[in-house]
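Please read the structure below before turning to the comments.
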Amino acid sequence: MNVLVINCGSSSLKYQVIHSDSEEVLAKGICERIGIDGRLVYQPKDGEKEVTEAAMPTHTEAVRMVLEALVNPRTGVLKSLDEINAVGHRLVHGGEKFAASTLLTEEVIQAVEECSDLAPLHNPANLIGVRACQEVLKDVPMVAVFDTAFHQTMPKEAYLYGIPYEYYEKYKVRKYGFHGTSHSYVSKRAAELLNKPYDDLKTIVCHLGNGASICAVKNGKSVDTSMGLTPLEGLVMGTRSGDIDPSAIEFLAKKENLDMAGIMNILNKESGVYGLSGISSDFRDLEAASNEGNERAAAAREVFCYRTAKYVGSYAAAMNGVDAICFTAGVGENDGKVREMICSYLGYLGIRLDSEANQKRGEEVMLSTPDSKVAVMLIPTNEELAICRETVAIVG
Ligand code: AMP
């Protein structure tokens with residue numbers, strides 16, 4: 001079966017076509033600047049990457065262009081659109097309604113719309129992608145795969161905030177967590193690589209990218225995670241603050257004469273390692289700057305690593321132990337120094353890092369020594385493949 005995997009943002013649409021038996025990526029790419037001017041990047045499995053500038057007033061034109069590229073007689077990877085058997089859509093927020101992936105029906109779309117005030121930037125954009133695909137691929141079954149679904153197994157003590165209970169009852173204000181597809185994929189892969197049963201393993205997954213979150217996975221279930229009602233909570237990220245004292249919001253609003261939108265913009269877009277360093281949200285830039293003696297860049301990395309290590313410690317406590325710690329996503333897969341700095345706080349868990357293995361990047365590697373009490377692993381995430389597998393499980 002060929003699955004078209006779609007990850008749709010407000011002005012972009014990432015796609016992959018995956019053959020589900022071989023799990024081979026037949027083609028992938030992105031439409032960017034939708035509604036502005038439009039740019040299609042198309043990369044077939046055995047061919048050159050192509051970049052085409054073309055008008056894409058809406059996501060519907062973007063989907064049409066992707067499909068045209070896929071069946072192009074010269075560079076396409078499909079003979080006809082009939083070879084697309086299913087579409088898997090990444091949807092960000094499923095609220096409490098969706099604890100698993102589901103077939104996309106009108107009812108489901110409505111329920112996702114109802115969750116939109118929990119993710120006003122993401123859900124409407126995701127649904128635009130769904131509608132655009134429905135318009136063009138009329139009879140192809142589509143599946144919704146939610147970022148929040150994996151975390152619906154969290155117990156009350158992990159997901160309730162210490163605020164009046166009526167706000168949970170009335171508005172469903174609680175921790176939801178994100179990156180669920182990645183946390184699920186990586187924790188399953190860790191069990192496979194360790195040759196241990198997934199439902200008998202305590203794993204902490206550190207998804208460290210521009211957005212970053214940690215998840216405690218006990219016996220195959222998410223029991224806690226660092227992102228919350230929104231992706232702003234938890235770790236210090238590329239440009240997001242992560243946890244801060246809520247009173248700092250009022251304090252800053254008064255001092256800087258800012259309204260709530262202004263404050264949220266600072267916490268989401270101008271904070272994190274970018275705000276701390278004043279240089280960049282990219283860890284490659286931070287490393288280069290700190291090597292040149294820039295103290296704020298060095299401090300930004302230290303704050304990031306310290307916060308991450310504190311969460312690892314708290315999740316080891318929450319699970320009463322930990323068997324494996326996994327690093328994934330852009331920073332986790334590529335930045336050995338950051339992994340080393342995080343692990344330097346974790347000696348009390350009996351962790352011993354293999355410094356030679358820790359030089360590796362972007363491949364599955366055991367990073368700990370054989371005598372380490374906890375396995376430390378580098379496992380590149382693959383959210384598209386996970387979405388493909390979920391789609392096949394439902395449509396297949
Ligand atoms: P993601 O959000 O998972 O795509 O991660 C993107 C982030 O990964 C970038 O902003 C960088 O901070 C980081 N990153 C990517 N490549 C490297 C690298 N080679 N070394 C260090 N950090 C990297």
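Within each chain, counting starts at residue 1; across the structure tokens, chains are named A, B, ... in the order shown, with ligands numbered 1 upward in that order.
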
Within 8 Å of ligand 1, which residues show up when you count only C-alpha atoms and all ligand atoms? List them as a CSV table (one decimal) with N, CA, C and O atoms, in the first residue's frame, please.
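Output contents, as saved in out_3.csv:
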```csv
chain,number,residue,atom,x,y,z
A,207,HIS,N,13.1,14.3,23.3
A,207,HIS,CA,12.9,14.8,21.9
A,207,HIS,C,13.4,16.2,21.9
A,207,HIS,O,12.7,17.2,22.4
A,208,LEU,N,14.6,16.4,21.5
A,208,LEU,CA,15.3,17.7,21.6
A,208,LEU,C,15.5,18.3,20.2
A,208,LEU,O,16.5,18.0,19.5
A,209,GLY,N,14.5,19.1,19.8
A,209,GLY,CA,14.6,19.8,18.5
A,209,GLY,C,14.4,21.3,18.8
A,209,GLY,O,14.6,21.7,19.9
A,210,ASN,N,14.0,22.0,17.8
A,210,ASN,CA,13.7,23.4,18.0
A,210,ASN,C,12.5,23.5,19.0
A,210,ASN,O,12.6,24.3,19.9
A,211,GLY,N,11.5,22.6,18.8
A,211,GLY,CA,10.6,22.4,19.9
A,211,GLY,C,11.1,21.2,20.7
A,211,GLY,O,11.6,20.3,20.0
A,212,ALA,N,11.0,21.2,22.0
A,212,ALA,CA,11.7,20.1,22.7
A,212,ALA,C,10.7,19.6,23.8
A,212,ALA,O,10.1,20.4,24.5
A,238,GLY,N,14.2,26.2,21.5
A,238,GLY,CA,14.8,27.1,20.5
A,238,GLY,C,14.4,28.5,20.8
A,238,GLY,O,15.3,29.4,21.1
A,281,SER,N,18.7,30.5,17.7
A,281,SER,CA,18.0,29.3,18.3
A,281,SER,C,18.7,28.0,17.8
A,281,SER,O,18.3,26.9,18.3
A,282,ASP,N,19.6,28.1,16.9
A,282,ASP,CA,20.3,26.9,16.4
A,282,ASP,C,21.5,26.5,17.2
A,282,ASP,O,22.4,27.4,17.4
A,283,PHE,N,21.5,25.3,17.6
A,283,PHE,CA,22.6,24.9,18.5
A,283,PHE,C,24.0,24.9,17.8
A,283,PHE,O,25.0,24.9,18.5
A,284,ARG,N,24.0,24.8,16.5
A,284,ARG,CA,25.3,24.9,15.8
A,284,ARG,C,25.9,26.3,16.0
A,284,ARG,O,27.1,26.4,16.2
A,285,ASP,N,25.0,27.3,15.9
A,285,ASP,CA,25.5,28.7,16.1
A,285,ASP,C,25.9,28.9,17.5
A,285,ASP,O,26.9,29.6,17.8
A,287,GLU,N,27.1,26.7,19.6
A,287,GLU,CA,28.4,26.0,19.9
A,287,GLU,C,29.6,26.8,19.3
A,287,GLU,O,30.6,27.1,20.0
A,328,THR,N,16.6,12.1,20.7
A,328,THR,CA,16.2,12.1,19.4
A,328,THR,C,15.9,13.6,19.0
A,328,THR,O,16.0,14.5,19.8
A,329,ALA,N,15.5,13.8,17.7
A,329,ALA,CA,15.3,15.1,17.0
A,329,ALA,C,16.6,15.9,16.8
A,329,ALA,O,17.6,15.4,17.2
A,330,GLY,N,16.4,17.0,16.1
A,330,GLY,CA,17.6,17.8,15.6
A,330,GLY,C,18.8,17.9,16.5
A,330,GLY,O,19.9,17.5,16.2
A,331,VAL,N,18.6,18.3,17.8
A,331,VAL,CA,19.6,18.5,18.7
A,331,VAL,C,20.0,17.2,19.3
A,331,VAL,O,21.2,16.8,19.4
A,332,GLY,N,19.1,16.4,19.7
A,332,GLY,CA,19.3,15.1,20.4
A,332,GLY,C,20.1,14.1,19.4
A,332,GLY,O,20.9,13.3,19.9
A,333,GLU,N,19.8,14.2,18.1
A,333,GLU,CA,20.4,13.3,17.2
A,333,GLU,C,21.8,13.8,16.8
A,333,GLU,O,22.6,12.9,16.3
A,334,ASN,N,22.1,15.1,16.9
A,334,ASN,CA,23.3,15.6,16.3
A,334,ASN,C,24.3,16.2,17.2
A,334,ASN,O,25.5,16.4,16.8
A,335,ASP,N,23.9,16.6,18.4
A,335,ASP,CA,24.8,17.4,19.2
A,335,ASP,C,25.3,16.6,20.4
A,335,ASP,O,24.7,16.5,21.5
A,336,GLY,N,26.4,15.9,20.1
A,336,GLY,CA,27.1,15.0,21.1
A,336,GLY,C,27.4,15.8,22.4
A,336,GLY,O,27.3,15.3,23.5
A,361,ARG,N,26.3,10.7,15.0
A,361,ARG,CA,25.2,11.5,14.7
A,361,ARG,C,24.2,10.8,13.8
A,361,ARG,O,24.6,10.1,12.9
```

Fill in: Distance of CA of Ala86 (chain A) from CA of Gly396 (chain A), expressed in Å to one decimal place
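Pair CA of Gly396 (chain A) / CA of Ala86 (chain A) returns 8.9 Å.
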
Discussion item. Env of Tyr15 (chain A): 9 Å cut, atoms = only C-alpha atoms, seq-sep filter 5 positions within chain, self excluded. Answer as a ChimeraX atom specification.
Written reply: /A:4-8,27-31,66,384

Those selected residues, please, written with N, CA and C atoms and delivered as a PDB file, in the first residue's frame.
```
ATOM      1  N   LEU A   4       0.290   8.455   1.495  1.00  0.00           N
ATOM      2  CA  LEU A   4       0.729   9.846   1.416  1.00  0.00           C
ATOM      3  C   LEU A   4       0.614  10.424   2.824  1.00  0.00           C
ATOM      4  N   VAL A   5       1.755  10.843   3.370  1.00  0.00           N
ATOM      5  CA  VAL A   5       1.765  11.412   4.728  1.00  0.00           C
ATOM      6  C   VAL A   5       1.836  12.930   4.606  1.00  0.00           C
ATOM      7  N   ILE A   6       0.911  13.599   5.268  1.00  0.00           N
ATOM      8  CA  ILE A   6       0.811  15.064   5.153  1.00  0.00           C
ATOM      9  C   ILE A   6       0.959  15.721   6.524  1.00  0.00           C
ATOM     10  N   ASN A   7       1.827  16.723   6.570  1.00  0.00           N
ATOM     11  CA  ASN A   7       1.991  17.517   7.787  1.00  0.00           C
ATOM     12  C   ASN A   7       1.826  18.980   7.380  1.00  0.00           C
ATOM     13  N   CYS A   8       0.650  19.514   7.669  1.00  0.00           N
ATOM     14  CA  CYS A   8       0.282  20.811   7.106  1.00  0.00           C
ATOM     15  C   CYS A   8       0.340  21.926   8.141  1.00  0.00           C
ATOM     16  N   ALA A  27       8.982   9.283  -2.344  1.00  0.00           N
ATOM     17  CA  ALA A  27       9.248  10.705  -2.650  1.00  0.00           C
ATOM     18  C   ALA A  27       8.880  11.522  -1.426  1.00  0.00           C
ATOM     19  N   LYS A  28       9.525  12.670  -1.315  1.00  0.00           N
ATOM     20  CA  LYS A  28       9.189  13.557  -0.191  1.00  0.00           C
ATOM     21  C   LYS A  28       9.480  15.000  -0.567  1.00  0.00           C
ATOM     22  N   GLY A  29       8.987  15.907   0.236  1.00  0.00           N
ATOM     23  CA  GLY A  29       9.261  17.314  -0.038  1.00  0.00           C
ATOM     24  C   GLY A  29       8.381  18.225   0.770  1.00  0.00           C
ATOM     25  N   ILE A  30       8.332  19.468   0.314  1.00  0.00           N
ATOM     26  CA  ILE A  30       7.572  20.478   1.054  1.00  0.00           C
ATOM     27  C   ILE A  30       7.049  21.549   0.085  1.00  0.00           C
ATOM     28  N   CYS A  31       5.849  22.030   0.352  1.00  0.00           N
ATOM     29  CA  CYS A  31       5.365  23.250  -0.309  1.00  0.00           C
ATOM     30  C   CYS A  31       5.510  24.365   0.707  1.00  0.00           C
ATOM     31  N   VAL A  66       1.705  18.832  -5.641  1.00  0.00           N
ATOM     32  CA  VAL A  66       2.399  17.647  -5.114  1.00  0.00           C
ATOM     33  C   VAL A  66       1.978  16.422  -5.916  1.00  0.00           C
ATOM     34  N   GLU A 384       7.056  10.460  10.180  1.00  0.00           N
ATOM     35  CA  GLU A 384       6.313  10.131   8.953  1.00  0.00           C
ATOM     36  C   GLU A 384       6.068   8.627   8.865  1.00  0.00           C
TER      37      GLU A 384
END
```

Worksheet entry | Selection: 6 Å around region 139-152 of chain A, only C-alpha atoms, excl. self and same-chain fewer than 6 positions, as a ChimeraX atom specification | /A:86-94,98-104,177-181,222,391

Discussion item. Among region 296-372 of chain A, which ones does DSSP assign to alpha helix (DSSP H) (computed from the backbone)? Answer as a PyMOL selection string.
Written reply: chain A and resi 296-318+329-334+336-343

Discussion item. Taking only C-alpha atoms into account, name the residue in A:Arg307, A:Arg131, A:Arg64, A:Arg189 that is nearest to Thr381 (chain A).
Written reply: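 For Thr381 (chain A), the nearest of the given residues is A:Arg189.
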
Worksheet item: To one decimal place, how far is CA of Met65 (chain A) from CA of Thr105 (chain A) in Å?
Response: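 A separation of 24.6 Å between them.
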
Discussion item. Set the distance at 12 Å and use only C-alpha atoms: which residues neighbour region 258-264 of chain A once local chain neighbours fewer than 4 positions away are removed? I'd like the list as an MDAnalysis selection string.
Written reply: chainID A and resid 230 232 239:242 246 248:254 268:271

Discussion item. For the structure I just gave you, how does DSSP split region 8-129 of chain A - specifically, which residues are strand (DSSP E)? Reply as a count of residues only.
Written reply: 35

Item to complete: Find the residues near Ile128 (chain A): any atom within 10 Å, counting only C-alpha atoms, skip ones fewer than 6 places away on the same chain, and give them as a list in words.
Response: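 Contacts, in chain order: Cys8, Gly9, Ser10, Thr58, His59, Thr60 and Gln134 of chain A.
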